[in-house]
Amino acid sequence: MNKQSLSLAAFIAAVALPPADHAMAESLYVPLLTYRTGPFAGSGIPVANGMHDYLTMLNERDGGIGGVKVEIEECETGYTAEKGVECYEKTKAKKPLVYNPYSTAITLQLIPKAPVDKVPLLSMAYGLSASAVGKDFAWVFNPPTTYWDGTSAIIKHIAGQEGGLDKLKGKKIGFIHLDAGYGKEPIPLLEQFKSKYGFELFLYPVPPKEMQNQSSIWLNVQRDNPDYMIMWGWGAMNPTAIKEAANIGFPMSKFYGVWWSAGEDDTRPAGEGAIGYRTLNLNGTGADYPVIKDIQRLVVDTGKSQVTSKDRVGENLYNRGVMNSVLVAEAIRTAQKLTGKSAIDATDMRRGLEHLEITADRLKEIGLEGFMAPMKVTCEDHNGHHSVYVQEWDGKQWKPISDWFEPMKDVVRPMLEQAAAEYVAKNKPPGRTESCD
Amino acid sequence: MDALADIFIDPFVQMAANPVFLVKVIWEGLVAGMLYALIALGFVLIYKASGVFNFAQGIMVVFSALTLVGLHERGLPAYAALIGALLVMLLLAIAVERLILRPLVNQPDITLLMATIGLTSLLIGLGEIVFGGEPKTMITRELGLPSGSIRLMIADRPLVLQKLDIAAGATALLLITALAVFFQRTRIGRALRAVADDHQAALSVGISLNQIWIIVWFTAGLVALVTGIMWSAKSDVSFALEIIALRALPVLILGGLTSIPGAIVGGLIIGVGEKLGEIYWGRLVGGAIDSWLAYFIALIFLLLRPQGLFGEKIIERV
Amino acid sequence: MLYREAGQFKTSYAADQSVFPLVEDRIGMAATLLVAAAVIPAIGGDFLLNGVMIPFLIFALATVGLNLLVGYAGQLSLGTGAFMGVGAYACYKLTTHFPDVNIVLLIVCSGFFSAAAGIAFGLPSLRIKGFYLVVATLAAQFFFEWAFIRVGWLYNDNPSGAIEVPSREMLGIAITGAAATSTTRYCVVLAIVILMTWLASNLVRGRYGRAWMMVRDMDIAAELMGVPMLRTKLLAFAVSSFYCGVAGAMMVFLWYGSAEPSAFSIRVSFQVLFMVIIGGMGSLLGSFFGAAFIWAFPILLRLMPELLGLKIESQAVDQLAQIVFGALIVLFLIVEPHGLARLWILAKQKLRVWPFPY
């Protein structure tokens with residue numbers, strides 16, 4: 001073989017073979033499965049903006065994380081399972097560090113795939129509650145808290161209003177929920193509380209295609225006349241429910257939503273009627289945090305964000321998206337620290353998530369003091385069951401009406417372990433091979 | 001025996017125990033029924049005149065409402081935006097006639113159905129690109145729609161009726177009457193009925209099919225706009241609204257594909273029937289049954305009268 | 001020049017009646033099968049197999065099923081999603097009750113459950129016709145969708161409300177669950193689809209298929225000539241739902257890996273109906289064309305900007321794809337209302353005389 005053909009071969013190799021290892025080593029690839037179209041776009045857009053803008057801001061301000069740029073790619077799922085699979089397969093080839101599906105259906109699909117494809121899954125406060133059990137779900141993380149924690153927190157807050165858990169006896173509590181995996185998750189716990197504390201429980205399922213046609217549901221509510229309502233809604237279901245509740249004159253301060261039923265777009269259509277509506281929350285709202293200011297300055301003002309107007313930065317679901325990206329970024333930092341490499345891969349990322357700890361000091365350092373409860377993920381506990389707070393809509397914005405308080409971890413944790421054991425028994429996933437370190 | 005009592009006795013005891021609530025249920029059923037009837041009317045108009053089963057009616061509802069709110073957001077006053085939205089629906093009607101109906105004339109029904117589904121996809125994409133996927137609040141106050149409620153006392157029990165619901169019912173009734181008069185009394189209406197009866201005969205006496213089609217599609221657009229305003233006033237304007245068109249299908253089938261009074265009567269039967277069924281019997285089988293109950297009601301009627309309540313008798317010859 | 005029947009003489013009735021009477025067709029078919037069975041699994045990555053080929057084949061099978069009903073027997077149905085769901089849930093119940101039975105067998109068996117559902121909701125077809133029949137099938141669609149959500153027994157009361165696919169093996173190779181490679185799953189899907197398509201092609205050419213076509217063309221005339229309406233129509237519903245049920249079971253077990261009830265929503269029914277119409281009613285080959293067009297084409301559209309190196313936001317890509325797709329459907333219907341199968345026949349006609357058309 002002469003010199004010429006050798007160099008020709010080298011040239012062909014250079015052109016034909018993808019320069020994969022080289023390019024990948026220099027960036028941290030984080031795909032974001034988002035939805036800005038379809039019936040759930042109302043909730044999906046602010047979250048997508050928040051997730052995207054924080055990571056972009058890190059790239060702009062610090063040149064990435066640990067000196068390595070974050071490569072962000074959004075993939076539109078439309079909140080459907082089939083496009084979710086498509087997005088997953090499309091992005092998988094580029095060696096992603098972590099997946100954020102933002103859909104319970106897609107999360108459930110990816111949970112069994114995560115240990116096989118060795119890509120961790122971060123379902124921040126959604127997805128499968130049982131995946132908090134680290135020994136069974138090594139690759140799935142759902143910090144800072146689960147739906148069951150949320151349910152217990154609402155019950156705890158209601159009990160606080162009534163003057164103690166024993167005062168719940170004989171009260172009527174209604175649970176209006178999206179009739180899908182997401183909305184049904186709290187039911188087992190509510191049933192357990194019902195027998196424990198002796199309140200009456202009414203379930204009001206809202207089928208996804210009836211999200212904007214809830215009149216029969218609220219007729220049922222009028223007939224049952226519950227003392228409190230709890231809502232697990234998403235997308236177009238939230239504004240409709242709040243409006244209907246306002247119409248029938250349900251006392252809004254006795255209407256509690258989960259942290260996902262807490263968008264500004266959910267309360268605004270009801271106008272004055274929504275004043276007093278309460279929801280749980282995991283993150284601070286408003287644009288007064290230094291980080292949010294940085295985002296406005298470096299991302300929004302320079303036109304790198306997709307937000308429609310600047311005042312939407314700092315809205316609740318936007319900040320939720322920011323919080324999601326903070327977790328991703330901090331996990332990447334942790335992994336960088338653990339491995340000593342700056343360009344980490346998905347396996348390192350899993351370790352990073354498993355050792356993720358965000359202290360109050362650290363929050364202050366990154367310009368988010370008081371933005372969220374300090375959190376810690378461990379090898380056994382992929383959730384942490386962290387504190388939440390209750391906020392109230394005052395007609396213009398969300399106002400916190402409680403301090404951060406702990407959910408009933410002692411009730412929730414055993415149920416989670418049992419649910420995880422059942423999942424493993426039913427589906428026989430390959431067991432955990434990763435050691436705790 | 002208990003089960004039988006649950007089904008046949010208990011619900012009626014409940015109704016008798018709280019008649020005011022029963023009135024409320026029936027009232028909500030009538031309001032919902034009027035709105036279903038409006039959507040069904042959009043289908044009927046187009047089916048009568050062009051033989052097209054127009055699946056795009058649902059997205060037309062969303063699209064027209066989005067246009068209205070979108071134009072208002074861009075600075076037009078509410079009534080100007082209303083006219084603007086109507087103009088857009090007119091343009092859409094012309095485009096549909098030119099680009100879809102005319103080239104596809106005389107094709108089998110299912111091909112035309114398919115074409116309207118293609119149109120649906122196109123309008124979804126277009127609507128999202130132009131107006132964005134974020135939900136918008138309907139400009140009820142700017143349009144002069146009432147809000148708040150009326151409180152009536154019947155036998156010491158309060159009956160709360162939403163002013164918006166009353167307005168919706170009244171508007172729907174007005175629109176339907178106006179359309180009925182239009183089709184019965186005017187020249188264009190007569191031409192339209194001629195087209196519905198027989199395309200070729202209508203052509204031979206000098207009626208322009210193309211013109212009629214534009215008029216019908218525009219009328220369907222107008223009906224869609226009204227439906228869109230009324231429905232989104234209950235929640236917000238988002239693409240999830242598209243699905244409510246499916247609620248009109250049982251109404252349509254029940255009333256007969258070609259009958260305007262059928263659409264109204266069908267709408268009211270389905271609206272009241274599904275509310276009563278859901279409230280008094282729904283719990284027995286697990287709740288949220290109104291998603292399929294309407295279809296079963298329609299199915300039962302159909303087994304008795306295969307052409308719908310008011311449909312034209314189907315005569316089959318070999 | 002290359003594609004001619006000249007010189008190919010049939011010496012028996014069997015040869016004259018065969019599915020592929022021409023040598024060229026047989027070669028073409030064998031080549032396609034070879035590519036599908038050997039080349040694609042060998043070179044295809046996860047995206048090609050999992051994102052394109054497996055769903056394409058699954059939808060093709062559902063389309064074949066619906067085509068038997070709509071295209072051959074002339075009964076319009078919008079209940080495909082529900083019948084697919086019945087298959088999937090039946091398969092889930094079967095495999096959780098009988099974990100030791102071969103999963104491929106169960107997938108095929110679950111078709112019988114949806115066949116039963118199909119018969120139940122096909123009964124009104126004896127009295128109702130055309131668009132009015134749609135309401136009966138829609139009743140099935142919404143009733144089953146409701147049942148998948150509300151009847152806890154169907155999903156073993158999972159707190160998530162979804163059916164999760166357990167890991168199952170055959171001959172020591174993982175077929176379902178996360179451990180199954182996409183190549184394995186692709187091969188299983190391909191085998192089932194080829195087998196069932198072959199069965200369907202024989203069915204439609206036989207006595208029942210011909211009876212269906214008589215019903216489609218004019219059911220009163222068919223009845224007068226002694227075709228039993230009850231048996232023929234219900235059989236069409238049963239067979240069609242059987243195919244859809246198997247497709248549904250494969251969809252969850254060999255593609256999604258877990259499914260919420262929304263996976264079987266009315267959207268799926270529409271999607272499969274598009275595939276039938278675009279592919280060509282009353283053509284099995286058309287079913288495959290239709291499935292390929294409706295499934296793979298939007299994916300290609302969404303990949304387009306990336307391939308061309310354009311930077312467009314992900315949702316804009318989606319929206320543009322939607323517009324282009326809608327416009328193409330309309331355009332396509334105007335150009336060729338009888339579907340891709342007709343185009344294929346026209347192409348073959350052209351090919352026969354090529355390159356000397358006169």
# chains A, B, ... in the order shown; residues from 1 in each chain; ligands from 1
call {"tool": "residues_around", "arguments": {"residues": "region 220-232 of chain B", "least_positions_apart": "5", "cutoff": "9 Å", "atoms": "only C-alpha atoms", "output": "ChimeraX atom specification"}}
result
/A:212-213 /B:35-36,38-39,41-46,57-66,68,82,85-86,89-90,92-93,137-140,164-165,167-168,171-172,175,215,237-238,241
call {"tool": "residues_around", "arguments": {"residues": "Ile248 (chain A)", "least_positions_apart": "6", "cutoff": "10 Å", "atoms": "only C-alpha atoms", "output": "list in words"}}
result
Trp218, Leu219, Val221 and Gln222 of chain A; Ser149, Val160, Leu161 and Gln162 of chain B
call {"tool": "closest_atom_pairs", "arguments": {"of": "chain B", "to": "chain C", "cutoff": "9 Å", "atoms": "only C-alpha atoms", "output": "CSV"}}
result
residue,atom,partner,partner_atom,distance
B:Phe53,CA,C:Phe131,CA,8.5
B:Leu99,CA,C:Val330,CA,8.6
B:Ile100,CA,C:Val330,CA,7.0
B:Pro103,CA,C:Ile334,CA,6.2
B:Leu104,CA,C:Ile334,CA,6.0
B:Gln107,CA,C:Pro337,CA,7.6
B:Pro108,CA,C:Pro337,CA,8.7
B:Ile110,CA,C:Ile277,CA,8.0
B:Thr111,CA,C:Pro337,CA,6.6
B:Leu112,CA,C:Leu333,CA,8.5
B:Met114,CA,C:Phe274,CA,7.0
B:Ala115,CA,C:Val330,CA,5.2
B:Thr116,CA,C:Val330,CA,8.1
B:Ile117,CA,C:Gly326,CA,7.6
B:Gly118,CA,C:Gly326,CA,4.1
B:Leu119,CA,C:Gly326,CA,5.8
B:Thr120,CA,C:Gly326,CA,7.2
B:Ser121,CA,C:Gly326,CA,4.9
B:Leu122,CA,C:Ile323,CA,4.2
B:Leu123,CA,C:Ile323,CA,7.2
B:Ile124,CA,C:Gln322,CA,7.4
B:Gly125,CA,C:Gln319,CA,4.4
B:Leu126,CA,C:Ile323,CA,6.4
B:Gly127,CA,C:Gln319,CA,8.9
B:Glu128,CA,C:Gln319,CA,6.8
B:Ile129,CA,C:Gln319,CA,6.5
B:Leu249,CA,C:Val135,CA,7.4
B:Pro250,CA,C:Val135,CA,6.5
B:Ile253,CA,C:Tyr132,CA,6.0
B:Leu254,CA,C:Tyr132,CA,8.8
B:Gly256,CA,C:Tyr132,CA,8.7
B:Leu257,CA,C:Tyr132,CA,8.5
B:Val285,CA,C:Arg150,CA,8.8
B:Gly286,CA,C:Arg150,CA,6.5
B:Gly287,CA,C:Arg150,CA,8.1
B:Ala288,CA,C:Trp146,CA,7.9
B:Ile289,CA,C:Trp146,CA,7.4
B:Ser291,CA,C:Phe142,CA,6.5
B:Trp292,CA,C:Phe142,CA,5.2
B:Leu293,CA,C:Ala139,CA,8.2
B:Ala294,CA,C:Ala139,CA,8.4
B:Tyr295,CA,C:Ala139,CA,5.1
B:Phe296,CA,C:Ala139,CA,6.3
B:Ala298,CA,C:Val135,CA,7.7
B:Leu299,CA,C:Ala136,CA,6.2
B:Leu302,CA,C:Ile128,CA,7.2
B:Leu303,CA,C:Arg127,CA,6.7
B:Arg305,CA,C:Ile128,CA,8.8
B:Pro306,CA,C:Ile128,CA,5.4
B:Gln307,CA,C:Tyr132,CA,7.5
B:Gly308,CA,C:Tyr132,CA,8.2
B:Glu316,CA,C:Ile220,CA,7.7
B:Arg317,CA,C:Ile220,CA,7.6
B:Val318,CA,C:Ala221,CA,5.7
call {"tool": "closest_atom_pairs", "arguments": {"of": "chain B", "to": "chain A", "cutoff": "6 Å", "atoms": "only C-alpha atoms", "output": "tab-separated table"}}
result
residue	atom	partner	partner_atom	distance
B:Gly133	CA	A:Thr37	CA	5.3
B:Glu134	CA	A:Gly42	CA	4.9
B:Pro135	CA	A:Gly42	CA	5.3
B:Thr137	CA	A:Pro269	CA	5.4
B:Ser235	CA	A:Thr240	CA	4.3
B:Phe239	CA	A:Pro39	CA	5.1
B:Ala240	CA	A:Pro39	CA	4.2
B:Lys275	CA	A:Ser216	CA	6.0
call {"tool": "select_by_dssp", "arguments": {"residues": "region 94-148 of chain A", "states": "strand (DSSP E or B)", "output": "list in words"}}
result
Tyr99, Asn100, Leu121, Leu122, Val133, Val140 and Phe141 of chain A
call {"tool": "write_last_selection", "arguments": {"atoms": "C-alpha atoms", "output": "short mmCIF file (atom, residue, chain, number, x, y, z; two decimals), in the first residue's frame"}}
result
data_model
loop_
_atom_site.label_atom_id
_atom_site.label_comp_id
_atom_site.auth_asym_id
_atom_site.auth_seq_id
_atom_site.Cartn_x
_atom_site.Cartn_y
_atom_site.Cartn_z
CA TYR A 99 -33.44 12.66 30.57
CA ASN A 100 -36.17 15.03 31.81
CA LEU A 121 -33.80 9.66 34.45
CA LEU A 122 -34.65 12.76 36.44
CA VAL A 133 -36.45 3.62 46.38
CA VAL A 140 -34.33 6.90 38.35
CA PHE A 141 -34.44 10.02 40.51
#
call {"tool": "interface_residues", "arguments": {"of": "chain C", "to": "chain A", "cutoff": "9 Å", "atoms": "only C-alpha atoms", "output": "ChimeraX atom specification"}}
result
/C:45-48,50-52,96,146,149-150,158-162,164-168,177-179,255-263,299,313-315,317-319
call {"tool": "residues_around", "arguments": {"residues": "region 365-370 of chain A", "least_positions_apart": "2", "cutoff": "8 Å", "atoms": "only C-alpha atoms", "output": "list of chain:residue names"}}
result
A:Gly284, A:Tyr289, A:Pro290, A:Val291, A:Ala360, A:Asp361, A:Arg362, A:Leu363, A:Met372, A:Ala373
call {"tool": "select_by_dssp", "arguments": {"residues": "region 123-295 of chain C", "states": "alpha helix (DSSP H)", "output": "PyMOL selection string"}}
result
chain C and resi 131-150+182-205+207-217+219-224+229-250+266-279+284-291
call {"tool": "atom_distance", "arguments": {"atom1": "CA of Ala56 (chain B)", "atom2": "CA of Val251 (chain B)"}}
result
16.6 Å
call {"tool": "residues_around", "arguments": {"residues": "Thr63 (chain C)", "least_positions_apart": "6", "cutoff": "6 Å", "atoms": "only C-alpha atoms", "output": "compact mmCIF listing (two decimals) with N, CA and C atoms, in the first residue's frame"}}
result
# COMPACT_ATOMS: atom_id res chain seq x y z
N VAL C 272 -54.88 5.18 12.01
CA VAL C 272 -54.95 3.93 11.24
C VAL C 272 -55.90 4.10 10.06
N VAL C 276 -55.21 3.52 6.01
CA VAL C 276 -56.02 2.72 5.08
C VAL C 276 -56.35 3.55 3.84
N SER C 287 -51.84 -1.13 2.40
CA SER C 287 -51.78 -0.94 3.84
C SER C 287 -50.36 -0.63 4.29
call {"tool": "residues_around", "arguments": {"residues": "Thr347 (chain A)", "least_positions_apart": "6", "cutoff": "9 Å", "atoms": "only C-alpha atoms", "output": "list in words"}}
result
Leu97, Lys118, Val119 and Pro120 of chain A
call {"tool": "residues_around", "arguments": {"residues": "Ala60 (chain C)", "least_positions_apart": "6", "cutoff": "10 Å", "atoms": "only C-alpha atoms", "output": "compact mmCIF listing (two decimals) with N, CA and C atoms, in the first residue's frame"}}
result
# COMPACT_ATOMS: atom_id res chain seq x y z
N ILE C 54 -40.22 -0.69 13.85
CA ILE C 54 -41.17 -1.44 14.68
C ILE C 54 -42.55 -0.79 14.65
N LEU C 66 -57.77 -3.11 9.68
CA LEU C 66 -58.86 -2.17 9.41
C LEU C 66 -59.25 -2.21 7.94
N VAL C 193 -45.98 -10.11 11.66
CA VAL C 193 -46.62 -9.32 10.60
C VAL C 193 -46.61 -10.08 9.28
N THR C 197 -50.02 -11.23 7.49
CA THR C 197 -50.34 -10.65 6.19
C THR C 197 -50.57 -11.75 5.16
N CYS C 244 -56.22 -6.05 14.72
CA CYS C 244 -55.94 -4.84 15.50
C CYS C 244 -55.48 -5.20 16.90
N ALA C 247 -51.97 -6.26 16.88
CA ALA C 247 -51.14 -5.07 16.69
C ALA C 247 -51.04 -4.29 17.99
N VAL C 272 -54.88 5.18 12.01
CA VAL C 272 -54.95 3.93 11.24
C VAL C 272 -55.90 4.10 10.06
N MET C 275 -54.14 5.69 7.33
CA MET C 275 -53.23 4.77 6.65
C MET C 275 -53.99 3.93 5.63
N VAL C 276 -55.21 3.52 6.01
CA VAL C 276 -56.02 2.72 5.08
C VAL C 276 -56.35 3.55 3.84
N LEU C 284 -53.89 -4.89 0.32
CA LEU C 284 -53.01 -5.22 1.44
C LEU C 284 -51.66 -4.53 1.29
N LEU C 285 -51.16 -4.52 0.04
CA LEU C 285 -49.90 -3.85 -0.19
C LEU C 285 -50.04 -2.37 0.15
N GLY C 286 -51.21 -1.82 -0.21
CA GLY C 286 -51.49 -0.42 0.09
C GLY C 286 -51.42 -0.15 1.58
N SER C 287 -51.84 -1.13 2.40
CA SER C 287 -51.78 -0.94 3.84
C SER C 287 -50.36 -0.63 4.29
N PHE C 288 -49.41 -1.34 3.68
CA PHE C 288 -48.02 -1.11 4.07
C PHE C 288 -47.56 0.26 3.58
N PHE C 289 -47.95 0.60 2.35
CA PHE C 289 -47.60 1.94 1.84
C PHE C 289 -48.18 3.02 2.74
N GLY C 290 -49.45 2.85 3.08
CA GLY C 290 -50.13 3.86 3.90
C GLY C 290 -49.46 4.01 5.25
N ALA C 291 -49.14 2.88 5.89
CA ALA C 291 -48.50 2.94 7.20
C ALA C 291 -47.15 3.63 7.09
N ALA C 292 -46.41 3.29 6.01
CA ALA C 292 -45.10 3.91 5.84
C ALA C 292 -45.25 5.41 5.66
N TRP C 295 -46.70 7.08 9.02
CA TRP C 295 -45.82 7.00 10.18
C TRP C 295 -44.45 7.61 9.91
